[in-house]
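my_file-v2.pdb (PDB, C-alpha atoms)
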MODEL        1
ATOM      1  CA  MET A   1     -23.226   6.992 -22.070
ATOM      2  CA  GLN A   2     -22.950   3.538 -23.530
ATOM      3  CA  ASP A   3     -21.857   2.337 -26.897
ATOM      4  CA  GLN A   4     -22.628  -1.004 -28.457
ATOM      5  CA  LEU A   5     -19.812  -2.534 -30.476
ATOM      6  CA  GLY A   6     -21.273  -5.334 -32.582
ATOM      7  CA  ASN A   7     -22.927  -7.930 -30.381
ATOM      8  CA  GLN A   8     -20.257  -7.705 -27.673
ATOM      9  CA  THR A   9     -20.542  -6.167 -24.201
ATOM     10  CA  PRO A  10     -21.402  -2.436 -24.229
ATOM     11  CA  ILE A  11     -18.288  -0.367 -23.658
ATOM     12  CA  PRO A  12     -18.432   3.046 -21.956
ATOM     13  CA  VAL A  13     -17.284   5.769 -24.315
ATOM     14  CA  PHE A  14     -14.152   7.501 -23.138
ATOM     15  CA  LYS A  15     -12.454   8.947 -26.180
ATOM     16  CA  VAL A  16      -9.959  11.684 -25.407
ATOM     17  CA  ASP A  17      -7.038  12.889 -27.476
ATOM     18  CA  PRO A  18      -3.839  11.616 -25.791
ATOM     19  CA  ILE A  19      -2.395  15.133 -25.994
ATOM     20  CA  LEU A  20      -5.361  16.385 -23.962
ATOM     21  CA  VAL A  21      -4.579  13.758 -21.298
ATOM     22  CA  LEU A  22      -1.133  15.349 -21.044
ATOM     23  CA  VAL A  23      -2.511  18.893 -21.015
ATOM     24  CA  PHE A  24      -5.317  18.205 -18.494
ATOM     25  CA  GLY A  25      -2.933  16.183 -16.316
ATOM     26  CA  LEU A  26      -0.499  19.087 -16.169
ATOM     27  CA  ILE A  27      -3.120  21.844 -15.758
ATOM     28  CA  THR A  28      -4.891  20.084 -12.892
ATOM     29  CA  CYS A  29      -1.628  19.038 -11.207
ATOM     30  CA  GLY A  30      -2.439  15.348 -11.557
ATOM     31  CA  LEU A  31      -6.074  15.529 -10.394
ATOM     32  CA  TYR A  32      -7.349  14.729 -13.884
ATOM     33  CA  LEU A  33      -5.368  11.480 -13.799
ATOM     34  CA  ILE A  34      -7.478  10.212 -10.867
ATOM     35  CA  TYR A  35     -10.620  10.819 -12.950
ATOM     36  CA  TRP A  36      -8.854   9.324 -15.970
ATOM     37  CA  ASN A  37      -7.894   6.183 -13.987
ATOM     38  CA  ILE A  38     -11.536   5.691 -12.916
ATOM     39  CA  LYS A  39     -12.885   6.093 -16.457
ATOM     40  CA  VAL A  40     -10.204   3.909 -18.046
ATOM     41  CA  ALA A  41     -10.761   1.187 -15.425
ATOM     42  CA  ASP A  42     -14.460   1.209 -16.410
ATOM     43  CA  VAL A  43     -13.599   0.826 -20.100
ATOM     44  CA  LEU A  44     -10.955  -1.867 -19.558
ATOM     45  CA  ASN A  45     -13.231  -3.859 -17.220
ATOM     46  CA  ALA A  46     -16.005  -3.715 -19.824
ATOM     47  CA  VAL A  47     -13.644  -4.856 -22.590
ATOM     48  CA  ALA A  48     -12.216  -7.698 -20.471
ATOM     49  CA  GLU A  49     -15.754  -8.575 -19.323
ATOM     50  CA  LYS A  50     -14.520  -8.935 -15.736
ATOM     51  CA  GLU A  51     -13.205  -6.626 -13.028
ATOM     52  CA  VAL A  52      -9.532  -6.409 -13.959
ATOM     53  CA  ILE A  53      -8.964  -3.053 -12.257
ATOM     54  CA  SER A  54     -11.172  -2.288  -9.263
ATOM     55  CA  GLN A  55     -12.261   1.280  -8.491
ATOM     56  CA  PRO A  56     -10.169   1.562  -5.279
ATOM     57  CA  ILE A  57      -7.052   0.523  -7.234
ATOM     58  CA  ALA A  58      -7.882   3.079  -9.930
ATOM     59  CA  ILE A  59      -8.232   5.848  -7.330
ATOM     60  CA  PHE A  60      -5.211   4.899  -5.229
ATOM     61  CA  ALA A  61      -3.174   4.684  -8.455
ATOM     62  CA  GLY A  62      -3.627   8.442  -8.760
ATOM     63  CA  CYS A  63      -1.775   9.121  -5.524
ATOM     64  CA  CYS A  64       0.342   6.139  -4.556
ATOM     65  CA  MET A  65       3.292   5.049  -6.701
ATOM     66  CA  PRO A  66       3.280   1.267  -5.998
ATOM     67  CA  VAL A  67      -0.466   1.157  -6.745
ATOM     68  CA  ASN A  68       0.118   3.197  -9.913
ATOM     69  CA  ILE A  69       2.628   0.619 -11.114
ATOM     70  CA  TYR A  70       0.196  -2.183 -10.277
ATOM     71  CA  PHE A  71      -2.509  -0.327 -12.245
ATOM     72  CA  TYR A  72      -0.328  -0.222 -15.363
ATOM     73  CA  TYR A  73       0.756  -3.838 -14.841
ATOM     74  CA  LEU A  74      -2.902  -4.953 -14.832
ATOM     75  CA  ALA A  75      -3.722  -2.700 -17.778
ATOM     76  CA  GLY A  76      -0.798  -3.949 -19.885
ATOM     77  CA  LYS A  77      -0.970  -7.600 -18.902
ATOM     78  CA  GLU A  78      -4.674  -8.374 -18.660
ATOM     79  CA  ALA A  79      -6.770  -5.589 -20.160
ATOM     80  CA  LEU A  80      -4.974  -4.170 -23.215
ATOM     81  CA  PRO A  81      -4.579  -7.607 -24.900
ATOM     82  CA  LYS A  82      -8.406  -7.779 -24.860
ATOM     83  CA  VAL A  83      -8.524  -4.317 -26.424
ATOM     84  CA  TYR A  84      -6.152  -5.470 -29.195
ATOM     85  CA  GLU A  85      -8.332  -8.540 -29.662
ATOM     86  CA  ARG A  86     -11.332  -6.295 -30.307
ATOM     87  CA  THR A  87      -9.502  -3.840 -32.536
ATOM     88  CA  GLY A  88      -7.845  -6.654 -34.501
ATOM     89  CA  GLU A  89      -4.335  -5.514 -33.704
ATOM     90  CA  LEU A  90      -1.241  -7.599 -33.112
ATOM     91  CA  GLN A  91      -1.325  -9.183 -29.635
ATOM     92  CA  LYS A  92       1.444  -7.684 -27.523
ATOM     93  CA  ASP A  93       2.305  -7.424 -23.842
ATOM     94  CA  GLN A  94       2.708  -3.736 -23.007
ATOM     95  CA  SER A  95       3.038  -4.254 -19.238
ATOM     96  CA  THR A  96       6.846  -3.754 -19.048
ATOM     97  CA  LEU A  97       6.735  -0.540 -21.072
ATOM     98  CA  LEU A  98       3.790   0.779 -19.060
ATOM     99  CA  ILE A  99       5.422  -0.100 -15.711
ATOM    100  CA  VAL A 100       8.659   1.691 -16.653
ATOM    101  CA  LEU A 101       6.760   4.699 -17.993
ATOM    102  CA  GLY A 102       4.424   4.623 -15.001
ATOM    103  CA  LEU A 103       7.453   4.872 -12.746
ATOM    104  CA  PHE A 104       9.207   7.742 -14.540
ATOM    105  CA  PHE A 105       6.509   9.466 -16.610
ATOM    106  CA  PRO A 106       2.978   8.331 -15.654
ATOM    107  CA  ILE A 107       1.268  10.774 -18.016
ATOM    108  CA  GLY A 108       3.184   9.165 -20.913
ATOM    109  CA  ALA A 109       1.871   5.728 -19.907
ATOM    110  CA  ALA A 110      -1.631   7.205 -19.681
ATOM    111  CA  MET A 111      -1.270   8.648 -23.199
ATOM    112  CA  ILE A 112      -0.328   5.219 -24.608
ATOM    113  CA  VAL A 113      -3.285   3.508 -22.910
ATOM    114  CA  GLN A 114      -5.644   6.286 -24.055
ATOM    115  CA  SER A 115      -4.365   6.011 -27.614
ATOM    116  CA  ASP A 116      -5.055   2.241 -27.618
ATOM    117  CA  ILE A 117      -8.509   2.709 -26.077
ATOM    118  CA  ASN A 118      -9.439   5.338 -28.669
ATOM    119  CA  LYS A 119      -9.060   2.689 -31.392
ATOM    120  CA  LEU A 120     -12.096   0.910 -29.897
ATOM    121  CA  TYR A 121     -14.328   3.733 -31.124
ATOM    122  CA  ASN A 122     -13.020   3.976 -34.691
TER     123      ASN A 122
ATOM    124  CA  MET B   1     -10.993 -30.603 -18.737
ATOM    125  CA  TYR B   2     -11.035 -27.041 -20.077
ATOM    126  CA  LYS B   3     -13.153 -26.004 -17.115
ATOM    127  CA  VAL B   4     -10.577 -27.458 -14.686
ATOM    128  CA  ILE B   5      -7.716 -25.639 -16.445
ATOM    129  CA  SER B   6      -9.729 -22.405 -16.481
ATOM    130  CA  THR B   7     -10.565 -22.696 -12.748
ATOM    131  CA  ASN B   8      -6.931 -23.410 -11.901
ATOM    132  CA  TYR B   9      -5.861 -20.406 -13.974
ATOM    133  CA  ILE B  10      -8.280 -18.122 -12.081
ATOM    134  CA  ILE B  11      -7.108 -19.475  -8.690
ATOM    135  CA  ASN B  12      -3.430 -19.065  -9.676
ATOM    136  CA  THR B  13      -4.070 -15.522 -10.911
ATOM    137  CA  LYS B  14      -5.838 -14.662  -7.653
ATOM    138  CA  VAL B  15      -2.995 -16.092  -5.560
ATOM    139  CA  LYS B  16      -0.434 -14.253  -7.715
ATOM    140  CA  ARG B  17      -2.328 -10.973  -7.296
ATOM    141  CA  LYS B  18      -2.482 -11.440  -3.523
ATOM    142  CA  ILE B  19       1.279 -12.061  -3.380
ATOM    143  CA  TYR B  20       1.848  -8.905  -5.477
ATOM    144  CA  GLY B  21      -0.476  -7.028  -3.129
ATOM    145  CA  ILE B  22       1.502  -8.159  -0.073
ATOM    146  CA  ALA B  23       4.797  -7.274  -1.816
ATOM    147  CA  GLY B  24       3.452  -3.824  -2.804
ATOM    148  CA  ALA B  25       2.229  -3.079   0.716
ATOM    149  CA  PHE B  26       5.545  -4.261   2.155
ATOM    150  CA  ILE B  27       7.523  -2.011  -0.245
ATOM    151  CA  THR B  28       5.247   0.925   0.641
ATOM    152  CA  LEU B  29       6.109   0.422   4.323
ATOM    153  CA  ALA B  30       9.795  -0.443   3.840
ATOM    154  CA  ILE B  31      10.986   2.421   1.583
ATOM    155  CA  PRO B  32      10.158   5.208   4.112
ATOM    156  CA  PHE B  33      11.823   3.126   6.829
ATOM    157  CA  VAL B  34      15.055   2.922   4.803
ATOM    158  CA  LEU B  35      14.819   6.692   4.167
ATOM    159  CA  LEU B  36      14.367   7.255   7.909
ATOM    160  CA  LEU B  37      17.596   5.356   8.601
ATOM    161  CA  GLN B  38      19.417   7.527   6.005
ATOM    162  CA  ASN B  39      17.927  10.786   7.327
ATOM    163  CA  GLY B  40      20.413  11.420  10.129
ATOM    164  CA  SER B  41      21.129  15.019   9.109
ATOM    165  CA  HIS B  42      17.457  15.765   8.211
ATOM    166  CA  HIS B  43      18.343  16.358   4.550
ATOM    167  CA  LEU B  44      15.016  14.842   3.483
ATOM    168  CA  GLU B  45      13.183  18.157   3.924
ATOM    169  CA  THR B  46      15.337  19.906   1.344
ATOM    170  CA  ASP B  47      16.058  16.977  -1.007
ATOM    171  CA  GLN B  48      14.690  16.921  -4.559
ATOM    172  CA  SER B  49      11.391  15.010  -4.681
ATOM    173  CA  PHE B  50      11.390  11.896  -6.892
ATOM    174  CA  CYS B  51       7.789  12.473  -7.943
ATOM    175  CA  PRO B  52       7.859  12.758 -11.770
ATOM    176  CA  PHE B  53       5.215  15.491 -11.714
ATOM    177  CA  LYS B  54       7.017  17.534  -9.056
ATOM    178  CA  MET B  55      10.300  17.154 -10.917
ATOM    179  CA  LEU B  56       8.659  18.318 -14.141
ATOM    180  CA  THR B  57       6.565  21.218 -12.887
ATOM    181  CA  GLY B  58       7.567  22.043  -9.311
ATOM    182  CA  PHE B  59       3.931  21.624  -8.254
ATOM    183  CA  PRO B  60       2.859  18.735  -6.009
ATOM    184  CA  CYS B  61       0.760  15.848  -7.375
ATOM    185  CA  PRO B  62      -2.128  14.398  -5.288
ATOM    186  CA  GLY B  63       0.249  11.849  -3.736
ATOM    187  CA  CYS B  64       3.220  14.163  -3.111
ATOM    188  CA  GLY B  65       4.457  14.095   0.461
ATOM    189  CA  ILE B  66       3.141  10.622   1.359
ATOM    190  CA  THR B  67       6.647   9.106   1.589
ATOM    191  CA  LYS B  68       7.886  11.963   3.798
ATOM    192  CA  SER B  69       4.682  11.694   5.823
ATOM    193  CA  LEU B  70       5.454   8.010   6.436
ATOM    194  CA  VAL B  71       9.082   8.800   7.382
ATOM    195  CA  TYR B  72       7.994  11.339  10.024
ATOM    196  CA  PHE B  73       5.253   8.996  11.234
ATOM    197  CA  TYR B  74       7.960   6.372  11.875
ATOM    198  CA  GLU B  75       9.952   9.071  13.664
ATOM    199  CA  GLY B  76       6.964   9.615  15.952
ATOM    200  CA  ASN B  77       6.247  13.159  14.723
ATOM    201  CA  LEU B  78       2.531  12.902  13.929
ATOM    202  CA  TYR B  79       2.058  16.661  13.347
ATOM    203  CA  LYS B  80       4.835  16.800  10.761
ATOM    204  CA  SER B  81       3.601  13.552   9.220
ATOM    205  CA  VAL B  82       0.081  14.945   8.706
ATOM    206  CA  SER B  83       1.470  18.292   7.491
ATOM    207  CA  TYR B  84       3.256  16.520   4.618
ATOM    208  CA  HIS B  85       0.162  14.531   3.639
ATOM    209  CA  ILE B  86      -3.054  14.067   5.569
ATOM    210  CA  LEU B  87      -3.424  10.488   4.312
ATOM    211  CA  GLY B  88       0.103   9.389   5.381
ATOM    212  CA  PRO B  89      -0.953   7.628   8.622
ATOM    213  CA  PHE B  90      -3.947   6.190   6.748
ATOM    214  CA  VAL B  91      -1.574   4.685   4.140
ATOM    215  CA  ILE B  92       0.380   2.934   6.914
ATOM    216  CA  ALA B  93      -2.838   1.534   8.401
ATOM    217  CA  PHE B  94      -4.029   0.460   4.944
ATOM    218  CA  ALA B  95      -0.705  -1.216   4.044
ATOM    219  CA  VAL B  96      -0.564  -3.107   7.379
ATOM    220  CA  LEU B  97      -4.202  -4.157   6.968
ATOM    221  CA  THR B  98      -3.494  -5.291   3.386
ATOM    222  CA  ILE B  99      -0.589  -7.500   4.526
ATOM    223  CA  VAL B 100      -2.616  -9.030   7.376
ATOM    224  CA  VAL B 101      -5.799  -9.612   5.340
ATOM    225  CA  LEU B 102      -4.092 -10.961   2.195
ATOM    226  CA  THR B 103      -1.800 -13.265   4.220
ATOM    227  CA  THR B 104      -4.843 -14.572   6.118
ATOM    228  CA  GLU B 105      -6.664 -15.069   2.806
ATOM    229  CA  LEU B 106      -3.717 -17.040   1.400
ATOM    230  CA  ILE B 107      -3.585 -19.255   4.499
ATOM    231  CA  THR B 108      -7.323 -19.840   4.951
ATOM    232  CA  GLU B 109      -8.214 -19.718   1.204
ATOM    233  CA  LYS B 110     -11.192 -17.512   2.069
ATOM    234  CA  GLU B 111     -11.820 -13.855   1.175
ATOM    235  CA  TYR B 112     -12.400 -11.107   3.746
ATOM    236  CA  PHE B 113     -13.547  -7.440   3.596
ATOM    237  CA  HIS B 114     -14.169  -7.624  -0.171
ATOM    238  CA  LYS B 115     -17.487  -5.837   0.340
ATOM    239  CA  TRP B 116     -15.544  -2.839   1.663
ATOM    240  CA  LEU B 117     -12.468  -3.142  -0.529
ATOM    241  CA  TYR B 118     -14.511  -3.139  -3.749
ATOM    242  CA  ASN B 119     -17.107  -0.657  -2.518
ATOM    243  CA  ARG B 120     -17.675   1.933  -5.258
ATOM    244  CA  LYS B 121     -19.255   4.541  -2.952
ATOM    245  CA  LEU B 122     -16.326   4.309  -0.554
ATOM    246  CA  ALA B 123     -13.871   4.604  -3.446
ATOM    247  CA  TYR B 124     -15.635   7.652  -4.922
ATOM    248  CA  GLY B 125     -15.826   9.210  -1.446
ATOM    249  CA  LEU B 126     -12.081   8.786  -1.107
ATOM    250  CA  ALA B 127     -11.534  10.251  -4.586
ATOM    251  CA  ILE B 128     -13.645  13.327  -3.743
ATOM    252  CA  PHE B 129     -11.827  13.777  -0.429
ATOM    253  CA  LEU B 130      -8.449  13.449  -2.154
ATOM    254  CA  ALA B 131      -9.460  15.926  -4.867
ATOM    255  CA  ALA B 132     -10.725  18.480  -2.318
ATOM    256  CA  TYR B 133      -7.595  18.051  -0.192
ATOM    257  CA  HIS B 134      -5.371  18.465  -3.248
ATOM    258  CA  ILE B 135      -7.132  21.657  -4.380
ATOM    259  CA  ILE B 136      -6.831  23.190  -0.889
ATOM    260  CA  ARG B 137      -3.183  22.143  -0.723
ATOM    261  CA  LEU B 138      -2.485  23.672  -4.146
ATOM    262  CA  VAL B 139      -4.046  26.971  -3.111
ATOM    263  CA  TYR B 140      -1.861  27.050   0.019
ATOM    264  CA  PHE B 141       1.159  25.985  -2.010
ATOM    265  CA  VAL B 142       0.750  28.833  -4.512
ATOM    266  CA  TYR B 143      -0.002  31.279  -1.678
ATOM    267  CA  GLU B 144       3.091  30.304   0.327
ATOM    268  CA  ASN B 145       5.584  30.008  -2.548
ATOM    269  CA  THR B 146       6.845  32.408  -5.152
ATOM    270  CA  TRP B 147       7.109  31.268  -8.792
ATOM    271  CA  ILE B 148      10.887  31.152  -8.392
ATOM    272  CA  SER B 149      10.715  28.899  -5.338
ATOM    273  CA  ILE B 150       8.216  26.634  -7.161
ATOM    274  CA  LEU B 151      10.651  26.398 -10.071
ATOM    275  CA  GLN B 152      13.438  25.584  -7.624
ATOM    276  CA  GLN B 153      11.454  22.547  -6.479
ATOM    277  CA  SER B 154      11.547  21.154 -10.020
ATOM    278  CA  ILE B 155      14.558  19.827 -11.927
ATOM    279  CA  TRP B 156      14.700  23.025 -14.046
ATOM    280  CA  ARG B 157      16.248  25.173 -11.314
TER     281      ARG B 157
ENDMDL
END
Could you render the structure as structure tokens?
Amino acid sequence: MQDQLGNQTPIPVFKVDPILVLVFGLITCGLYLIYWNIKVADVLNAVAEKEVISQPIAIFAGCCMPVNIYFYYLAGKEALPKVYERTGELQKDQSTLLIVLGLFFPIGAAMIVQSDINKLYN
Amino acid sequence: MYKVISTNYIINTKVKRKIYGIAGAFITLAIPFVLLLQNGSHHLETDQSFCPFKMLTGFPCPGCGITKSLVYFYEGNLYKSVSYHILGPFVIAFAVLTIVVLTTELITEKEYFHKWLYNRKLAYGLAIFLAAYHIIRLVYFVYENTWISILQQSIWR
């Protein structure tokens, strides 16, 4: 399913309530987060118009802590600023917050990223 | 001029990413080795897991057991290593390969194995395998543990 935002690159639609990310993540014992990583990587790559997060990194991030931290570093440093650019929000570097959350509470980091991505579809 | 700056930026970013990749792979290999040196009295088997999901719920996440798997692989106990996580030995091979390939890429300024590393089918295959393995492991985990013992594996005991 593709969505066209203005005349920019089509962005895959992946709009999920951040609370549901938490709920699904807990119910599936983390399995949902692998799927979530893959889908979010697709969206972020489309927004950045280049491959910021490759599929293997997205998948390994679901099971390997150092890769998970790298995933959130890439998301916060290179992909989310492009999301803010599209949504007209204040440019900010979320990488430190996401890395710390990714280390101690990965679902929390996922909820923040999902919340920012959802603004693309408003 | 802008083109030159942009090209330099891309090259620098690529080099930076490769250095991060080498550092990440090195940390992945080094942490279990340090744990192995500290595991004289075999307390690792009963220690509280540092996985945030395990600490919160008592249930394992898809990556739970990889560190212990690496520790027992270093100890030479392949059976125990695989019993903690089937992908443990694979992680070691992948981390070593990452260090070798990325270091070679930095030295030669060429790129190797990118066809395989960025292969979507391979990545999805791995994801499906990991998901299937995790589901089977969860079923066994619930079957072998009581709710009280699951709770005892979390921080809420």
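The list of chain A residues within 7 Å of chain B is Cys29, Gly30, Leu31, Ser54, Gln55, Pro56, Ile59, Cys63, Cys64, Pro66, Phe104 and Phe105 of chain A; this uses all atoms listed in the file.
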Option closest in space to Glu89 in chain A, from A:Leu120, A:Leu44, A:Leu103, A:Val21 [counting all atoms listed in the file]: A:Leu120
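In this structure, CA of Tyr140 in chain B sits 24.0 Å away from CA of Ala61 in chain A.
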- request: Evaluate the PyMOL selection byres ((chain A and resi 40) around 10) and record the selected residues as a count of residues only, following the chain and residue labels used in the document.
  value: 24
task: Could you tell me how far CA of Gly25 in chain A lies from CA of Ala30 in chain B, in Å and to one decimal?
output: 29.1 Å
field: Residues matched by the PyMOL selection byres ((chain B and resi 92-102) around 7) as a PyMOL selection string
entry: chain B and resi 18+22+25+29+88-91+103-106+112
task: For the structure shown, which residues end up in the PyMOL selection byres ((chain B and resi 151) around 10)? Put them as a ChimeraX atom specification, please?
output: /B:54-59,145-150,152-157
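Taking CA of Glu109 in chain B and CA of Glu78 in chain A as the two end points, the separation is 23.1 Å.
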All residues 10 Å or closer to Ile99 in chain A, all atoms listed in the file, same chain fewer than 6 positions away omitted, as a PyMOL selection string: chain A and resi 68-76+105-106+109
Axis-aligned box over every listed atom of range 10-19 of chain B, padded by 4 Å per side: centre and edges in Å to one decimal, as lines of an AutoDock Vina configuration file?
center_x = -3.5
center_y = -15.2
center_z = -7.7
size_x = 17.6
size_y = 16.5
size_z = 16.7
Compile the contact shell of Phe73 in chain B as a short mmCIF file (atom, residue, chain, number, x, y, z; two decimals) with C-alpha atoms, in the frame of the given file: residues with an atom at most 10 Å away, counting only C-alpha atoms, same-chain residues fewer than 3 positions apart removed.
data_model
loop_
_atom_site.label_atom_id
_atom_site.label_comp_id
_atom_site.auth_asym_id
_atom_site.auth_seq_id
_atom_site.Cartn_x
_atom_site.Cartn_y
_atom_site.Cartn_z
CA PRO B 32 10.16 5.21 4.11
CA PHE B 33 11.82 3.13 6.83
CA LEU B 36 14.37 7.26 7.91
CA THR B 67 6.65 9.11 1.59
CA LYS B 68 7.89 11.96 3.80
CA SER B 69 4.68 11.69 5.82
CA LEU B 70 5.45 8.01 6.44
CA GLY B 76 6.96 9.62 15.95
CA ASN B 77 6.25 13.16 14.72
CA LEU B 78 2.53 12.90 13.93
CA TYR B 79 2.06 16.66 13.35
CA LYS B 80 4.84 16.80 10.76
CA SER B 81 3.60 13.55 9.22
CA VAL B 82 0.08 14.94 8.71
CA GLY B 88 0.10 9.39 5.38
CA PRO B 89 -0.95 7.63 8.62
CA ILE B 92 0.38 2.93 6.91
#
